Amino acid sequence: MPLRIAGPIAGEAKPNHGGEPNILGCRGCTDCCHLSELSITKEEAERVERLYQSFPEPLGELQLRPDPEFDGWFLMKGPCVFRRLHTPLAEGGCRIYPDRPSVCDRFTCAYLLQLRREQ
Ligand code: SF4
Ligand code: SF4
């Protein structure tokens with residue numbers, strides 16, 4: 001049976017992993033931090049590797065591998081080890097927010113896009 005994608009990634013309001021996304025932003029949602037893989041640059045891979053080495057409580061093992069299709073890019077296995085569990089909304093869902101890869105900064109899920117279109 002095909003996997004049903006639900007939550008904000010599929011344009012639904014209620015996240016699968018907590019948080020309360022609304023027009024103001026993700027507000028503690030980490031649904032896209034649970035994707036199976038993220039594409040990041042070599043520089044970002046080196047940065048998250050360094051962060052991981054000194055990270056107090058990673059949620060598992062950081063797994064990075066060179067992207068076999070795109071030279072200079074890496075794949076970071078998800079769910080992301082830097083996400084925050086049981087997040088207070090004020091703290092957000094990412095524990096390396098200022099250093100997060102650019103894909104995390106740029107990604108906008110279907111639910112947030114829909115809210116912005118309706119504004
Ligand atoms: S972009 Fe924000 S609201 Fe949408 S799935 Fe990712 S964390 Fe959740
Ligand atoms: S780096 Fe932060 S925003 Fe990006 S996937 Fe990991 S927890 Fe989510």
# chains A, B, ... in the order shown; residues from 1 in each chain; ligands from 1
>>> residues_near_ligand(ligand="ligand 2", cutoff="9 Å", atoms="only C-alpha atoms and all ligand atoms", output="NGL selection string")
:A and (30-35 or 37-38 or 48 or 76 or 78-84 or 93-105)
>>> write_last_selection(atoms="N, CA, C and O atoms", output="short mmCIF file (atom, residue, chain, number, x, y, z; two decimals), in the first residue's frame")
data_model
loop_
_atom_site.label_atom_id
_atom_site.label_comp_id
_atom_site.auth_asym_id
_atom_site.auth_seq_id
_atom_site.Cartn_x
_atom_site.Cartn_y
_atom_site.Cartn_z
N THR A 30 7.87 20.05 13.26
CA THR A 30 9.11 19.46 12.74
C THR A 30 8.81 18.40 11.68
O THR A 30 9.62 17.51 11.44
N ASP A 31 7.66 18.50 11.06
CA ASP A 31 7.29 17.46 10.09
C ASP A 31 8.33 17.32 8.97
O ASP A 31 8.70 16.21 8.59
N CYS A 32 8.81 18.44 8.42
CA CYS A 32 9.78 18.28 7.32
C CYS A 32 11.15 17.87 7.84
O CYS A 32 11.98 17.39 7.07
N CYS A 33 11.39 18.01 9.15
CA CYS A 33 12.64 17.51 9.74
C CYS A 33 12.60 15.99 9.87
O CYS A 33 13.59 15.36 10.24
N HIS A 34 11.44 15.40 9.59
CA HIS A 34 11.29 13.94 9.63
C HIS A 34 11.35 13.30 8.24
O HIS A 34 11.13 12.10 8.12
N LEU A 35 11.61 14.10 7.22
CA LEU A 35 11.75 13.51 5.88
C LEU A 35 12.92 12.52 5.89
O LEU A 35 13.83 12.63 6.71
N GLU A 37 15.43 12.08 3.87
CA GLU A 37 16.73 12.55 3.43
C GLU A 37 16.66 14.02 3.08
O GLU A 37 15.65 14.48 2.55
N LEU A 38 17.75 14.75 3.39
CA LEU A 38 17.84 16.15 3.00
C LEU A 38 19.08 16.34 2.16
O LEU A 38 20.14 15.77 2.46
N VAL A 48 27.57 20.66 9.73
CA VAL A 48 26.72 19.86 10.64
C VAL A 48 27.54 18.73 11.29
O VAL A 48 27.28 18.35 12.42
N MET A 76 21.81 14.00 3.85
CA MET A 76 21.76 13.83 5.31
C MET A 76 20.51 13.01 5.64
O MET A 76 19.39 13.41 5.31
N GLY A 78 17.38 11.37 7.39
CA GLY A 78 16.40 11.80 8.37
C GLY A 78 15.78 10.61 9.07
O GLY A 78 16.01 9.48 8.66
N PRO A 79 15.01 10.84 10.11
CA PRO A 79 14.70 12.13 10.70
C PRO A 79 15.96 12.82 11.23
O PRO A 79 16.89 12.15 11.66
N CYS A 80 15.94 14.13 11.20
CA CYS A 80 17.13 14.90 11.53
C CYS A 80 17.49 14.76 13.01
O CYS A 80 16.62 14.87 13.88
N VAL A 81 18.77 14.55 13.27
CA VAL A 81 19.23 14.36 14.66
C VAL A 81 19.23 15.67 15.44
O VAL A 81 19.41 15.66 16.67
N PHE A 82 19.04 16.80 14.74
CA PHE A 82 19.09 18.10 15.43
C PHE A 82 17.69 18.64 15.77
O PHE A 82 17.58 19.74 16.30
N ARG A 83 16.66 17.90 15.45
CA ARG A 83 15.32 18.42 15.74
C ARG A 83 15.08 18.39 17.26
O ARG A 83 15.78 17.70 17.99
N ARG A 84 14.11 19.17 17.67
CA ARG A 84 13.80 19.25 19.11
C ARG A 84 12.55 18.44 19.38
O ARG A 84 11.54 18.59 18.69
N GLY A 93 11.46 24.23 16.54
CA GLY A 93 11.71 22.80 16.41
C GLY A 93 13.13 22.42 16.05
O GLY A 93 13.46 21.23 16.04
N CYS A 94 13.99 23.40 15.78
CA CYS A 94 15.36 23.10 15.34
C CYS A 94 16.35 23.57 16.38
O CYS A 94 16.34 24.73 16.79
N ARG A 95 17.25 22.69 16.77
CA ARG A 95 18.22 23.05 17.81
C ARG A 95 19.51 23.65 17.22
O ARG A 95 20.41 24.01 17.96
N ILE A 96 19.61 23.73 15.90
CA ILE A 96 20.77 24.40 15.31
C ILE A 96 20.29 25.50 14.35
O ILE A 96 20.89 25.75 13.32
N TYR A 97 19.20 26.12 14.71
CA TYR A 97 18.51 27.06 13.80
C TYR A 97 19.46 28.04 13.09
O TYR A 97 19.40 28.18 11.87
N PRO A 98 20.36 28.73 13.80
CA PRO A 98 21.21 29.69 13.10
C PRO A 98 22.17 29.01 12.12
O PRO A 98 22.68 29.65 11.20
N ASP A 99 22.43 27.73 12.31
CA ASP A 99 23.39 27.00 11.46
C ASP A 99 22.73 25.96 10.58
O ASP A 99 23.41 25.11 10.00
N ARG A 100 21.41 26.00 10.47
CA ARG A 100 20.71 24.96 9.70
C ARG A 100 21.09 25.05 8.22
O ARG A 100 21.42 26.14 7.72
N PRO A 101 21.05 23.93 7.51
CA PRO A 101 21.36 23.96 6.07
C PRO A 101 20.38 24.85 5.31
O PRO A 101 19.24 25.08 5.75
N SER A 102 20.81 25.30 4.17
CA SER A 102 19.99 26.25 3.39
C SER A 102 18.66 25.63 2.95
O SER A 102 17.66 26.33 2.82
N VAL A 103 18.63 24.32 2.74
CA VAL A 103 17.37 23.69 2.34
C VAL A 103 16.31 23.88 3.43
O VAL A 103 15.12 24.06 3.13
N CYS A 104 16.73 23.85 4.68
CA CYS A 104 15.78 24.04 5.79
C CYS A 104 15.26 25.47 5.81
O CYS A 104 14.11 25.72 6.16
N ASP A 105 16.14 26.39 5.46
CA ASP A 105 15.77 27.80 5.45
C ASP A 105 14.78 28.07 4.31
O ASP A 105 13.80 28.80 4.46
#
>>> select_by_dssp(residues="chain A", states="helix (DSSP H, G or I)", output="NGL selection string")
:A and (8-10 or 31-34 or 42-53 or 89-91 or 97-99 or 102-106 or 110-118)
>>> write_last_selection(atoms="C-alpha atoms", output="mmCIF file, in the first residue's frame")
data_model
loop_
_atom_site.group_PDB
_atom_site.id
_atom_site.type_symbol
_atom_site.label_atom_id
_atom_site.label_comp_id
_atom_site.auth_asym_id
_atom_site.auth_seq_id
_atom_site.Cartn_x
_atom_site.Cartn_y
_atom_site.Cartn_z
ATOM 1 C CA PRO A 8 1.596 20.387 6.575
ATOM 2 C CA ILE A 9 3.797 18.859 3.860
ATOM 3 C CA ALA A 10 0.566 17.632 2.267
ATOM 4 C CA ASP A 31 7.295 17.461 10.086
ATOM 5 C CA CYS A 32 9.778 18.282 7.325
ATOM 6 C CA CYS A 33 12.643 17.513 9.739
ATOM 7 C CA HIS A 34 11.292 13.938 9.633
ATOM 8 C CA LYS A 42 29.542 19.942 1.041
ATOM 9 C CA GLU A 43 30.194 23.020 3.225
ATOM 10 C CA GLU A 44 26.949 22.417 5.106
ATOM 11 C CA ALA A 45 27.829 18.743 5.547
ATOM 12 C CA GLU A 46 31.158 19.768 7.097
ATOM 13 C CA ARG A 47 29.375 22.274 9.325
ATOM 14 C CA VAL A 48 26.724 19.857 10.637
ATOM 15 C CA GLU A 49 29.433 17.213 11.169
ATOM 16 C CA ARG A 50 31.384 19.688 13.355
ATOM 17 C CA LEU A 51 28.227 20.644 15.254
ATOM 18 C CA TYR A 52 27.338 17.022 15.758
ATOM 19 C CA GLN A 53 30.731 16.236 17.320
ATOM 20 C CA LEU A 89 6.605 26.741 20.805
ATOM 21 C CA ALA A 90 8.795 29.668 21.780
ATOM 22 C CA GLU A 91 11.931 27.584 21.217
ATOM 23 C CA TYR A 97 18.514 27.057 13.801
ATOM 24 C CA PRO A 98 21.213 29.689 13.096
ATOM 25 C CA ASP A 99 23.391 26.996 11.463
ATOM 26 C CA SER A 102 19.989 26.246 3.387
ATOM 27 C CA VAL A 103 17.367 23.694 2.335
ATOM 28 C CA CYS A 104 15.779 24.036 5.793
ATOM 29 C CA ASP A 105 15.771 27.795 5.446
ATOM 30 C CA ARG A 106 14.224 27.758 1.960
ATOM 31 C CA ALA A 110 2.168 23.112 1.074
ATOM 32 C CA TYR A 111 0.264 24.265 4.172
ATOM 33 C CA LEU A 112 2.334 27.435 4.662
ATOM 34 C CA LEU A 113 2.154 28.197 0.936
ATOM 35 C CA GLN A 114 -1.618 27.869 1.068
ATOM 36 C CA LEU A 115 -1.878 30.195 4.091
ATOM 37 C CA ARG A 116 0.273 32.786 2.319
ATOM 38 C CA ARG A 117 -1.788 32.563 -0.860
ATOM 39 C CA GLU A 118 -4.978 33.174 1.149
#
>>> atom_distance(atom1="CA of Gly11 (chain A)", atom2="atom 5 (S, counted along the ligand's line) of ligand 1")
8.8 Å
>>> residues_around(residues="Leu64 (chain A)", least_positions_apart="2", cutoff="8 Å", atoms="only C-alpha atoms", output="list in words")
Ala45, Leu62, Pro66, Phe74, Leu75, Met76 and Lys77 of chain A
>>> write_last_selection(atoms="N, CA, C and O atoms", output="PDB file, in the first residue's frame")
ATOM      1  N   ALA A  45      27.556  20.067   4.982  1.00  0.00           N
ATOM      2  CA  ALA A  45      27.829  18.743   5.547  1.00  0.00           C
ATOM      3  C   ALA A  45      28.986  18.845   6.545  1.00  0.00           C
ATOM      4  O   ALA A  45      28.946  18.261   7.639  1.00  0.00           O
ATOM      5  N   LEU A  62      24.310  10.867  13.271  1.00  0.00           N
ATOM      6  CA  LEU A  62      24.325  11.681  12.051  1.00  0.00           C
ATOM      7  C   LEU A  62      24.839  10.829  10.893  1.00  0.00           C
ATOM      8  O   LEU A  62      25.932  10.274  10.969  1.00  0.00           O
ATOM      9  N   PRO A  66      27.885  11.168   0.265  1.00  0.00           N
ATOM     10  CA  PRO A  66      27.917  11.968  -0.959  1.00  0.00           C
ATOM     11  C   PRO A  66      26.733  11.622  -1.846  1.00  0.00           C
ATOM     12  O   PRO A  66      26.346  10.448  -1.948  1.00  0.00           O
ATOM     13  N   PHE A  74      25.702  16.519  -0.629  1.00  0.00           N
ATOM     14  CA  PHE A  74      25.609  15.393   0.296  1.00  0.00           C
ATOM     15  C   PHE A  74      24.150  15.140   0.660  1.00  0.00           C
ATOM     16  O   PHE A  74      23.301  16.030   0.542  1.00  0.00           O
ATOM     17  N   LEU A  75      23.882  13.923   1.115  1.00  0.00           N
ATOM     18  CA  LEU A  75      22.550  13.576   1.605  1.00  0.00           C
ATOM     19  C   LEU A  75      22.644  13.312   3.103  1.00  0.00           C
ATOM     20  O   LEU A  75      23.490  12.537   3.558  1.00  0.00           O
ATOM     21  N   MET A  76      21.807  14.003   3.849  1.00  0.00           N
ATOM     22  CA  MET A  76      21.764  13.826   5.309  1.00  0.00           C
ATOM     23  C   MET A  76      20.507  13.008   5.636  1.00  0.00           C
ATOM     24  O   MET A  76      19.392  13.409   5.306  1.00  0.00           O
ATOM     25  N   LYS A  77      20.724  11.880   6.250  1.00  0.00           N
ATOM     26  CA  LYS A  77      19.604  10.974   6.514  1.00  0.00           C
ATOM     27  C   LYS A  77      18.672  11.539   7.596  1.00  0.00           C
ATOM     28  O   LYS A  77      19.120  12.138   8.562  1.00  0.00           O
TER      29      LYS A  77
END
>>> select_by_dssp(residues="chain A", states="strand (DSSP E or B)", output="MDAnalysis selection string")
chainID A and resid 22 25 37:41 64:66 73:77 83 94
>>> atom_distance(atom1="atom 7 (S, counted along the ligand's line) of ligand 1", atom2="CA of Ala6 (chain A)")
12.9 Å
>>> atom_distance(atom1="CA of Arg4 (chain A)", atom2="CA of Asn16 (chain A)")
12.1 Å
>>> closest_residue(among="A:Gly72, A:Pro21, A:Pro56, A:Pro88", to="ligand 1", atoms="only C-alpha atoms and all ligand atoms")
A:Pro21
